[in-house]
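The block underneath contains the structure these notes are about, expressed in structure tokens.
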Amino acid sequence: MTPIYLDWAATAPIDPAAVAAMAEAARGWANPSSVHRAGRRARAMIEDGRERIARHLGCAAEQLVFTSGGTEAIGLALAQAPARIVSAIEHEAVRAQAGGAAVIPVDADGVVDLGGVDPAGALVAVMHVNNETGVIQPVAEVAARVRAGGGRLLVDAVQSAGKLPLPDADFVAVSAHKLGGPPGVGALVVRDPDGFVATQRGGGQERGFRAGTENGPGIVGFAAALDARAADAGWLARAEALRDRLEARLAGAEVIGGAAPRIGTISCLRLPGVAATMQLMTLDLAGFAVSAGPACSSGTVRPSHVLTAMGLSPAAAGEAIRVSMGWSTTGAEVDALADAWTAMAARLGRRAA
Ligand code: PLP
């Protein structure tokens with residue numbers, strides 16, 4: 001039985017249009033830095049991809065520095081300043097690479113509270129959409145505060161790129177595999193190239209901002225996935241309607257972050273008294289692929305730093321799962337999950353009570 005895939009925030013299925021574009025690009029592929037005809041063809045494909053990606057995202061083509069994904073893009077931005085201030089709900093890619101950074105708290109809805117933060121001279125990292133709760137951060141306000149305070153802003157837009165308009169920040173990290181492109185390719189949007197220091201040096205690719213032979217087929221797949229999203233402008237509203245329909249059907253579920261503005265694709269659901277691992281195993285056996293928020297990197301489940309930052313106890317945080325959907329999610333899939341969740345809540349929830 002093929003599982004019903006509702007773990008799109010971990011990674012989205014690679015779009016068939018991206019697969020076809022990558023297969024086409026791979027035919028006769030050559031090093032884009034080579035001067036022969038095949039190399040020039042490869043270069044042209046990369047530059048065409050760069051133009052399309054920039055157009056879809058809403059930045060200038062020359063602001064895109066291609067990387068191996070969101071994690072590398074984040075690390076590259078964080079390397080630009082020794083003093084860093086990061087929000088309490090950032091992805092591990094930020095937390096692990098920010099080293100001893102000061103922390104910006106969030107309120108009970110999971111929204112950052114800049115409060116008394118002094119951004120002077122620092123690189124401030126605030127994500128656009130949280131990968132566990134879907135809560136959208138007020139990045140425009142944050143940008144204004146950071147700029148007025150003399151700091152620079154990095155926005156991790158890995159969960160929002162291709163869905164919401166790109167935030168206006170000095171650095172924005174994006175990744176192809178959350179929007180239907182292949183894994184292993186992403187970009188850092190560099191709006192402030194002054195004094196930019198490359199962390200990976202070598203052949204001078206990406207105008208010296210990031211050395212290493214470009215992942216040309218990946219870039220082509222990234223562009224094709226964004227083309228596909230743009231061609232179906234209503235998909236996010238459809239997903240949001242399905243997300244709302246799911247949540248309305250789950251009696252007894254606590255929707256974490258439900259009072260805040262959220263992206264339409266992510267639902268963080270707590271079933272009081274039932275460990276997330278038990279919920280994941282039960283739903284897995286019933287044929288559903290969902291996850292607990294922080295399971296993304298390690299395959300293990302530990303209490304989420306995002307949920308505890310929102311004030312949940314470690315025990316309560318350990319009772320939340322994430323359901324996430326995308327452009328091809330159907331009403332039938334969501335209804336099937338609602339049935340399975342309700343059956344699980346009746347069985348395990350009663351036992352816990
Ligand atoms: N930031 C967020 C919010 C994410 O959800 C992820 C992926 O899970 C990353 C960063 C890392 O991106 P990548 O897998 O492309 O390195």
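Labels for the structure tokens follow display order: chains A, B, ..., residues from 1 in each chain, ligands from 1.
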Worksheet entry | Exercise answer, 6 Å around ligand 1 with only C-alpha atoms and all ligand atoms, as a PyMOL selection string | chain A and resi 10+69-71+91+93+130-131+156+158-159+175
Please produce a file of the residues just selected, as a JSON list (two decimals), in the first residue's frame, where the atoms kept are all heavy atoms.
```
[["chain", "number", "residue", "atom", "x", "y", "z"],
["A", 10, "ALA", "N", 8.58, 18.33, 5.24],
["A", 10, "ALA", "CA", 9.89, 17.66, 5.32],
["A", 10, "ALA", "C", 10.54, 17.68, 3.95],
["A", 10, "ALA", "O", 11.70, 18.05, 3.79],
["A", 10, "ALA", "CB", 9.73, 16.23, 5.83],
["A", 69, "GLY", "N", 21.69, 23.84, -0.89],
["A", 69, "GLY", "CA", 20.39, 23.76, -0.22],
["A", 69, "GLY", "C", 20.25, 24.85, 0.81],
["A", 69, "GLY", "O", 21.09, 25.78, 0.90],
["A", 70, "GLY", "N", 19.19, 24.74, 1.60],
["A", 70, "GLY", "CA", 18.90, 25.76, 2.60],
["A", 70, "GLY", "C", 19.97, 25.83, 3.68],
["A", 70, "GLY", "O", 20.38, 26.91, 4.11],
["A", 71, "THR", "N", 20.44, 24.67, 4.13],
["A", 71, "THR", "CA", 21.41, 24.64, 5.24],
["A", 71, "THR", "C", 22.68, 25.39, 4.86],
["A", 71, "THR", "O", 23.19, 26.21, 5.64],
["A", 71, "THR", "CB", 21.73, 23.17, 5.61],
["A", 71, "THR", "OG1", 20.50, 22.52, 5.97],
["A", 71, "THR", "CG2", 22.70, 23.10, 6.76],
["A", 91, "HIS", "N", 15.12, 26.89, 12.72],
["A", 91, "HIS", "CA", 15.47, 25.52, 12.34],
["A", 91, "HIS", "C", 16.88, 25.21, 12.85],
["A", 91, "HIS", "O", 17.69, 26.11, 13.02],
["A", 91, "HIS", "CB", 15.41, 25.43, 10.81],
["A", 91, "HIS", "CG", 15.57, 24.05, 10.26],
["A", 91, "HIS", "ND1", 16.79, 23.49, 9.96],
["A", 91, "HIS", "CD2", 14.64, 23.11, 9.94],
["A", 91, "HIS", "CE1", 16.61, 22.28, 9.47],
["A", 91, "HIS", "NE2", 15.32, 22.02, 9.45],
["A", 93, "ALA", "N", 19.28, 24.25, 11.30],
["A", 93, "ALA", "CA", 20.28, 24.76, 10.37],
["A", 93, "ALA", "C", 20.79, 26.13, 10.81],
["A", 93, "ALA", "O", 21.95, 26.47, 10.60],
["A", 93, "ALA", "CB", 19.69, 24.85, 8.95],
["A", 130, "ASN", "N", 7.51, 29.07, 10.13],
["A", 130, "ASN", "CA", 8.07, 28.02, 10.96],
["A", 130, "ASN", "C", 7.71, 26.64, 10.40],
["A", 130, "ASN", "O", 6.56, 26.37, 10.06],
["A", 130, "ASN", "CB", 7.58, 28.14, 12.41],
["A", 130, "ASN", "CG", 8.23, 27.09, 13.28],
["A", 130, "ASN", "OD1", 7.67, 26.03, 13.51],
["A", 130, "ASN", "ND2", 9.45, 27.35, 13.72],
["A", 131, "ASN", "N", 8.70, 25.77, 10.36],
["A", 131, "ASN", "CA", 8.52, 24.46, 9.74],
["A", 131, "ASN", "C", 7.70, 23.50, 10.59],
["A", 131, "ASN", "O", 7.21, 22.50, 10.09],
["A", 131, "ASN", "CB", 9.88, 23.83, 9.44],
["A", 131, "ASN", "CG", 10.82, 23.86, 10.61],
["A", 131, "ASN", "OD1", 11.18, 24.93, 11.11],
["A", 131, "ASN", "ND2", 11.20, 22.71, 11.10],
["A", 156, "ASP", "N", 15.29, 32.89, 6.91],
["A", 156, "ASP", "CA", 15.21, 31.53, 6.40],
["A", 156, "ASP", "C", 13.81, 31.38, 5.79],
["A", 156, "ASP", "O", 12.82, 31.28, 6.50],
["A", 156, "ASP", "CB", 15.42, 30.57, 7.58],
["A", 156, "ASP", "CG", 15.11, 29.12, 7.22],
["A", 156, "ASP", "OD1", 14.67, 28.85, 6.09],
["A", 156, "ASP", "OD2", 15.31, 28.25, 8.10],
["A", 158, "VAL", "N", 12.97, 28.96, 3.70],
["A", 158, "VAL", "CA", 12.91, 27.62, 3.11],
["A", 158, "VAL", "C", 11.47, 27.10, 3.03],
["A", 158, "VAL", "O", 11.08, 26.47, 2.06],
["A", 158, "VAL", "CB", 13.83, 26.65, 3.90],
["A", 158, "VAL", "CG1", 13.57, 25.20, 3.53],
["A", 158, "VAL", "CG2", 15.30, 27.02, 3.65],
["A", 159, "GLN", "N", 10.65, 27.39, 4.05],
["A", 159, "GLN", "CA", 9.28, 26.89, 4.04],
["A", 159, "GLN", "C", 8.31, 27.80, 3.29],
["A", 159, "GLN", "O", 7.18, 27.41, 3.03],
["A", 159, "GLN", "CB", 8.77, 26.69, 5.48],
["A", 159, "GLN", "CG", 9.44, 25.54, 6.22],
["A", 159, "GLN", "CD", 9.04, 24.15, 5.69],
["A", 159, "GLN", "OE1", 8.05, 24.00, 4.96],
["A", 159, "GLN", "NE2", 9.82, 23.15, 6.04],
["A", 175, "SER", "N", 15.29, 26.86, -0.65],
["A", 175, "SER", "CA", 15.68, 25.48, -0.96],
["A", 175, "SER", "C", 14.68, 24.91, -1.95],
["A", 175, "SER", "O", 13.47, 25.10, -1.80],
["A", 175, "SER", "CB", 15.67, 24.67, 0.34],
["A", 175, "SER", "OG", 16.05, 23.34, 0.08]]
```
Enumerate, in order of chain and increasing residue number, the residues of range 202-264 of chain A with an atom no farther than 7 Å from range 135-142 of chain A, each with its shortest atom pair and distance in Å to one decimal, counting only C-alpha atoms, as a Markdown table.
```
| residue | atom | partner | partner_atom | distance |
| --- | --- | --- | --- | --- |
| A:Gly257 | CA | A:Val135 | CA | 6.3 |
| A:Ala260 | CA | A:Val135 | CA | 6.3 |
| A:Pro261 | CA | A:Ile136 | CA | 5.7 |
| A:Arg262 | CA | A:Val135 | CA | 4.3 |
| A:Ile263 | CA | A:Ile136 | CA | 6.4 |
```
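Straight-line separation from CA of Trp341 in chain A to CA of Val129 in chain A: 25.2 Å.
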Discussion item. For the helix (DSSP H, G or I) assignment from backbone DSSP, which residues of range 27-204 of chain A qualify? Please present them as a ChimeraX atom specification.
Written reply: /A:37-57,61-63,70-78,92-98,139-148,176-178
Residues from the last selection, N, CA and C atoms, saved as a short mmCIF file (atom, residue, chain, number, x, y, z; two decimals), in the first residue's frame:
```
data_model
loop_
_atom_site.label_atom_id
_atom_site.label_comp_id
_atom_site.auth_asym_id
_atom_site.auth_seq_id
_atom_site.Cartn_x
_atom_site.Cartn_y
_atom_site.Cartn_z
N ARG A 37 31.17 24.04 -26.96
CA ARG A 37 29.74 24.26 -27.20
C ARG A 37 28.87 23.61 -26.13
N ALA A 38 29.24 22.39 -25.74
CA ALA A 38 28.42 21.69 -24.72
C ALA A 38 28.48 22.46 -23.39
N GLY A 39 29.64 22.99 -23.07
CA GLY A 39 29.78 23.78 -21.85
C GLY A 39 28.94 25.05 -21.93
N ARG A 40 28.95 25.65 -23.10
CA ARG A 40 28.16 26.89 -23.25
C ARG A 40 26.66 26.60 -23.14
N ARG A 41 26.27 25.42 -23.64
CA ARG A 41 24.85 25.03 -23.51
C ARG A 41 24.50 24.87 -22.02
N ALA A 42 25.39 24.22 -21.28
CA ALA A 42 25.14 24.02 -19.85
C ALA A 42 25.06 25.38 -19.14
N ARG A 43 25.98 26.26 -19.48
CA ARG A 43 25.97 27.61 -18.87
C ARG A 43 24.65 28.33 -19.18
N ALA A 44 24.22 28.21 -20.45
CA ALA A 44 22.98 28.89 -20.84
C ALA A 44 21.79 28.35 -20.04
N MET A 45 21.79 27.04 -19.80
CA MET A 45 20.68 26.45 -19.03
C MET A 45 20.68 26.97 -17.60
N ILE A 46 21.87 27.06 -17.02
CA ILE A 46 21.95 27.57 -15.64
C ILE A 46 21.48 29.02 -15.58
N GLU A 47 21.93 29.82 -16.53
CA GLU A 47 21.57 31.24 -16.48
C GLU A 47 20.08 31.45 -16.78
N ASP A 48 19.54 30.60 -17.67
CA ASP A 48 18.09 30.66 -17.92
C ASP A 48 17.34 30.27 -16.63
N GLY A 49 17.84 29.23 -15.97
CA GLY A 49 17.22 28.81 -14.70
C GLY A 49 17.30 29.93 -13.68
N ARG A 50 18.45 30.58 -13.60
CA ARG A 50 18.63 31.66 -12.62
C ARG A 50 17.61 32.79 -12.86
N GLU A 51 17.45 33.14 -14.16
CA GLU A 51 16.49 34.21 -14.51
C GLU A 51 15.08 33.84 -14.07
N ARG A 52 14.69 32.59 -14.37
CA ARG A 52 13.31 32.17 -14.04
C ARG A 52 13.10 32.08 -12.54
N ILE A 53 14.09 31.54 -11.84
CA ILE A 53 13.96 31.43 -10.37
C ILE A 53 13.85 32.83 -9.77
N ALA A 54 14.70 33.75 -10.24
CA ALA A 54 14.67 35.11 -9.71
C ALA A 54 13.32 35.77 -9.98
N ARG A 55 12.81 35.56 -11.19
CA ARG A 55 11.51 36.17 -11.54
C ARG A 55 10.40 35.63 -10.64
N HIS A 56 10.38 34.30 -10.46
CA HIS A 56 9.33 33.72 -9.62
C HIS A 56 9.46 34.16 -8.16
N LEU A 57 10.70 34.20 -7.67
CA LEU A 57 10.87 34.55 -6.26
C LEU A 57 10.67 36.04 -6.03
N ALA A 61 18.31 38.48 -10.72
CA ALA A 61 19.06 37.25 -11.02
C ALA A 61 20.45 37.31 -10.39
N GLU A 62 21.07 38.50 -10.42
CA GLU A 62 22.45 38.58 -9.90
C GLU A 62 22.51 38.53 -8.37
N GLN A 63 21.34 38.54 -7.73
CA GLN A 63 21.34 38.40 -6.26
C GLN A 63 21.33 36.94 -5.82
N GLY A 70 19.19 24.74 1.60
CA GLY A 70 18.90 25.76 2.60
C GLY A 70 19.97 25.83 3.68
N THR A 71 20.44 24.67 4.13
CA THR A 71 21.41 24.64 5.24
C THR A 71 22.68 25.39 4.86
N GLU A 72 23.18 25.12 3.67
CA GLU A 72 24.41 25.81 3.25
C GLU A 72 24.17 27.30 3.06
N ALA A 73 23.03 27.66 2.51
CA ALA A 73 22.72 29.08 2.30
C ALA A 73 22.68 29.82 3.64
N ILE A 74 22.10 29.17 4.64
CA ILE A 74 22.01 29.77 5.99
C ILE A 74 23.42 29.93 6.57
N GLY A 75 24.23 28.90 6.45
CA GLY A 75 25.60 28.96 6.98
C GLY A 75 26.41 30.05 6.32
N LEU A 76 26.21 30.21 5.03
CA LEU A 76 26.94 31.25 4.28
C LEU A 76 26.54 32.64 4.78
N ALA A 77 25.27 32.85 5.01
CA ALA A 77 24.81 34.15 5.52
C ALA A 77 25.32 34.38 6.94
N LEU A 78 25.22 33.36 7.78
CA LEU A 78 25.64 33.53 9.18
C LEU A 78 27.13 33.83 9.29
N GLU A 92 17.16 23.92 13.03
CA GLU A 92 18.50 23.51 13.48
C GLU A 92 19.59 24.06 12.56
N ALA A 93 19.28 24.25 11.30
CA ALA A 93 20.28 24.76 10.37
C ALA A 93 20.79 26.13 10.81
N VAL A 94 19.92 26.91 11.45
CA VAL A 94 20.34 28.21 12.00
C VAL A 94 20.97 28.00 13.37
N ARG A 95 20.28 27.27 14.23
CA ARG A 95 20.76 27.12 15.62
C ARG A 95 22.15 26.52 15.67
N ALA A 96 22.37 25.49 14.87
CA ALA A 96 23.66 24.80 14.94
C ALA A 96 24.79 25.62 14.33
N GLN A 97 24.46 26.52 13.42
CA GLN A 97 25.51 27.28 12.73
C GLN A 97 25.67 28.68 13.30
N ALA A 98 24.80 29.08 14.21
CA ALA A 98 24.86 30.46 14.72
C ALA A 98 25.82 30.59 15.89
N VAL A 139 7.94 39.42 9.22
CA VAL A 139 9.31 39.73 8.80
C VAL A 139 9.47 41.17 8.30
N ALA A 140 8.39 41.77 7.78
CA ALA A 140 8.51 43.17 7.33
C ALA A 140 8.78 44.08 8.53
N GLU A 141 8.03 43.85 9.61
CA GLU A 141 8.26 44.64 10.83
C GLU A 141 9.65 44.38 11.40
N VAL A 142 10.03 43.11 11.39
CA VAL A 142 11.35 42.75 11.91
C VAL A 142 12.42 43.46 11.09
N ALA A 143 12.26 43.45 9.76
CA ALA A 143 13.26 44.09 8.88
C ALA A 143 13.37 45.57 9.19
N ALA A 144 12.23 46.22 9.39
CA ALA A 144 12.26 47.66 9.68
C ALA A 144 12.99 47.92 11.00
N ARG A 145 12.68 47.10 12.01
CA ARG A 145 13.34 47.26 13.32
C ARG A 145 14.84 47.03 13.23
N VAL A 146 15.20 45.97 12.52
CA VAL A 146 16.63 45.61 12.43
C VAL A 146 17.39 46.70 11.68
N ARG A 147 16.80 47.18 10.59
CA ARG A 147 17.47 48.22 9.81
C ARG A 147 17.62 49.50 10.63
N ALA A 148 16.51 49.88 11.27
CA ALA A 148 16.55 51.12 12.06
C ALA A 148 17.57 51.01 13.19
N ALA A 176 15.20 24.16 -2.96
CA ALA A 176 14.32 23.67 -4.02
C ALA A 176 13.40 22.52 -3.57
N HIS A 177 13.87 21.71 -2.61
CA HIS A 177 13.13 20.46 -2.37
C HIS A 177 11.84 20.65 -1.57
N LYS A 178 11.58 21.88 -1.11
CA LYS A 178 10.30 22.10 -0.41
C LYS A 178 9.23 22.59 -1.38
#
```
Practice prompt. Determine which residues of range 28-213 of chain A receive a DSSP assignment of strand (DSSP E), computed from the backbone, and state them as a list in words.
Written response: Leu64, Val65, Phe66, Thr67, Arg84, Ile85, Val86, Ser87, Ala102, Val103, Ile104, Leu123, Val124, Ala125, Arg152, Leu153, Leu154, Val155, Asp156, Phe171, Val172, Ala173, Val174, Ser175, Gly186, Ala187, Leu188, Val189 and Val190 of chain A
Fill in: Near-Leu269 in chain A list (7 Å; only C-alpha atoms; drop same-chain fewer than 3 positions) as a list in words
Ala253, Glu254, Val255, Ile256, Ala320, Ile321 and Arg322 of chain A
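Take CA of Ala231 in chain A and CA of Trp8 in chain A: the distance between them is 19.3 Å.
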Worksheet entry | Contact residues around Glu333 in chain A with only C-alpha atoms at 12 Å, ignoring same-chain residues under 5 positions, as a PyMOL selection string | chain A and resi 3-6+239+242-243+245-246+287-289+323-326+328+338-340
Take the residues that were just selected and, keeping N, CA and C atoms, output them as a PDB file, in the first residue's frame.
```
ATOM      1  N   PRO A   3       1.726   4.806   1.036  1.00  0.00           N
ATOM      2  CA  PRO A   3       1.176   5.655   2.096  1.00  0.00           C
ATOM      3  C   PRO A   3       0.598   6.951   1.536  1.00  0.00           C
ATOM      4  N   ILE A   4      -0.344   7.498   2.265  1.00  0.00           N
ATOM      5  CA  ILE A   4      -0.850   8.837   1.923  1.00  0.00           C
ATOM      6  C   ILE A   4       0.171   9.819   2.477  1.00  0.00           C
ATOM      7  N   TYR A   5       0.763  10.594   1.601  1.00  0.00           N
ATOM      8  CA  TYR A   5       1.900  11.432   1.978  1.00  0.00           C
ATOM      9  C   TYR A   5       1.426  12.798   2.463  1.00  0.00           C
ATOM     10  N   LEU A   6       1.576  13.023   3.758  1.00  0.00           N
ATOM     11  CA  LEU A   6       1.192  14.317   4.341  1.00  0.00           C
ATOM     12  C   LEU A   6       2.368  14.856   5.171  1.00  0.00           C
ATOM     13  N   ALA A 239      -4.950  24.157  -0.666  1.00  0.00           N
ATOM     14  CA  ALA A 239      -4.331  23.441   0.465  1.00  0.00           C
ATOM     15  C   ALA A 239      -4.853  24.009   1.783  1.00  0.00           C
ATOM     16  N   LEU A 242      -8.187  22.706   2.635  1.00  0.00           N
ATOM     17  CA  LEU A 242      -8.090  21.312   3.101  1.00  0.00           C
ATOM     18  C   LEU A 242      -7.557  21.255   4.521  1.00  0.00           C
ATOM     19  N   ARG A 243      -6.575  22.109   4.806  1.00  0.00           N
ATOM     20  CA  ARG A 243      -6.011  22.152   6.165  1.00  0.00           C
ATOM     21  C   ARG A 243      -7.110  22.537   7.171  1.00  0.00           C
ATOM     22  N   ARG A 245     -10.329  22.188   6.748  1.00  0.00           N
ATOM     23  CA  ARG A 245     -11.309  21.091   6.813  1.00  0.00           C
ATOM     24  C   ARG A 245     -10.805  19.984   7.745  1.00  0.00           C
ATOM     25  N   LEU A 246      -9.523  19.685   7.655  1.00  0.00           N
ATOM     26  CA  LEU A 246      -8.941  18.661   8.528  1.00  0.00           C
ATOM     27  C   LEU A 246      -9.084  19.080   9.985  1.00  0.00           C
ATOM     28  N   GLY A 287      -1.259   3.758   7.314  1.00  0.00           N
ATOM     29  CA  GLY A 287      -0.955   4.142   5.935  1.00  0.00           C
ATOM     30  C   GLY A 287      -0.766   5.632   5.698  1.00  0.00           C
ATOM     31  N   PHE A 288      -0.332   6.359   6.735  1.00  0.00           N
ATOM     32  CA  PHE A 288      -0.138   7.809   6.568  1.00  0.00           C
ATOM     33  C   PHE A 288       1.301   8.195   6.906  1.00  0.00           C
ATOM     34  N   ALA A 289       1.886   9.015   6.075  1.00  0.00           N
ATOM     35  CA  ALA A 289       3.220   9.558   6.338  1.00  0.00           C
ATOM     36  C   ALA A 289       3.053  10.978   6.875  1.00  0.00           C
ATOM     37  N   VAL A 323       1.180  17.677  10.377  1.00  0.00           N
ATOM     38  CA  VAL A 323       0.578  17.213   9.119  1.00  0.00           C
ATOM     39  C   VAL A 323       0.834  18.324   8.113  1.00  0.00           C
ATOM     40  N   SER A 324       1.414  17.987   6.983  1.00  0.00           N
ATOM     41  CA  SER A 324       1.686  19.051   5.996  1.00  0.00           C
ATOM     42  C   SER A 324       1.316  18.566   4.603  1.00  0.00           C
ATOM     43  N   MET A 325       0.813  19.500   3.825  1.00  0.00           N
ATOM     44  CA  MET A 325       0.236  19.132   2.526  1.00  0.00           C
ATOM     45  C   MET A 325       0.762  20.008   1.411  1.00  0.00           C
ATOM     46  N   GLY A 326       0.407  19.662   0.174  1.00  0.00           N
ATOM     47  CA  GLY A 326       0.928  20.407  -0.971  1.00  0.00           C
ATOM     48  C   GLY A 326      -0.041  20.450  -2.117  1.00  0.00           C
ATOM     49  N   SER A 328      -0.742  18.614  -4.654  1.00  0.00           N
ATOM     50  CA  SER A 328      -1.551  17.501  -5.158  1.00  0.00           C
ATOM     51  C   SER A 328      -2.329  16.801  -4.038  1.00  0.00           C
ATOM     52  N   ALA A 338      -8.356  12.316   8.723  1.00  0.00           N
ATOM     53  CA  ALA A 338      -9.257  12.733   9.809  1.00  0.00           C
ATOM     54  C   ALA A 338      -9.918  11.501  10.440  1.00  0.00           C
ATOM     55  N   ASP A 339     -10.331  10.541   9.608  1.00  0.00           N
ATOM     56  CA  ASP A 339     -10.948   9.309  10.133  1.00  0.00           C
ATOM     57  C   ASP A 339      -9.944   8.526  10.982  1.00  0.00           C
ATOM     58  N   ALA A 340      -8.731   8.378  10.442  1.00  0.00           N
ATOM     59  CA  ALA A 340      -7.715   7.593  11.160  1.00  0.00           C
ATOM     60  C   ALA A 340      -7.326   8.283  12.461  1.00  0.00           C
TER      61      ALA A 340
END
```
Worksheet entry | Nearest candidate to Phe209 in chain A (options A:Val65, A:Ala230, A:Ile14, A:Val106; using only C-alpha atoms) |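 The answer is A:Val65, which sits nearest to Phe209 in chain A.
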Item to complete: Please provide as a ChimeraX atom specification all residues within 10 Å of range 303-307 of chain A, with the sequence filter that same-chain residues fewer than 5 positions apart are discarded (counting only C-alpha atoms).
Response: /A:87-92,106,108-110,130-133,256-257,268,276,292-295,312-320
Worksheet item: Taking only C-alpha atoms into account, which of A:Arg210, A:His36, A:Arg270, A:Arg229 comes nearest Lys163 in chain A?
Response: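 Distance minimum relative to Lys163 in chain A lands on A:Arg229.
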Worksheet item: Which residue out of A:Pro272, A:Pro32, A:Gly149, A:Pro165 has the minimum interatomic distance to Pro217 in chain A when only C-alpha atoms are used?
Response: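 For Pro217 in chain A, the nearest of the candidates is A:Pro32.
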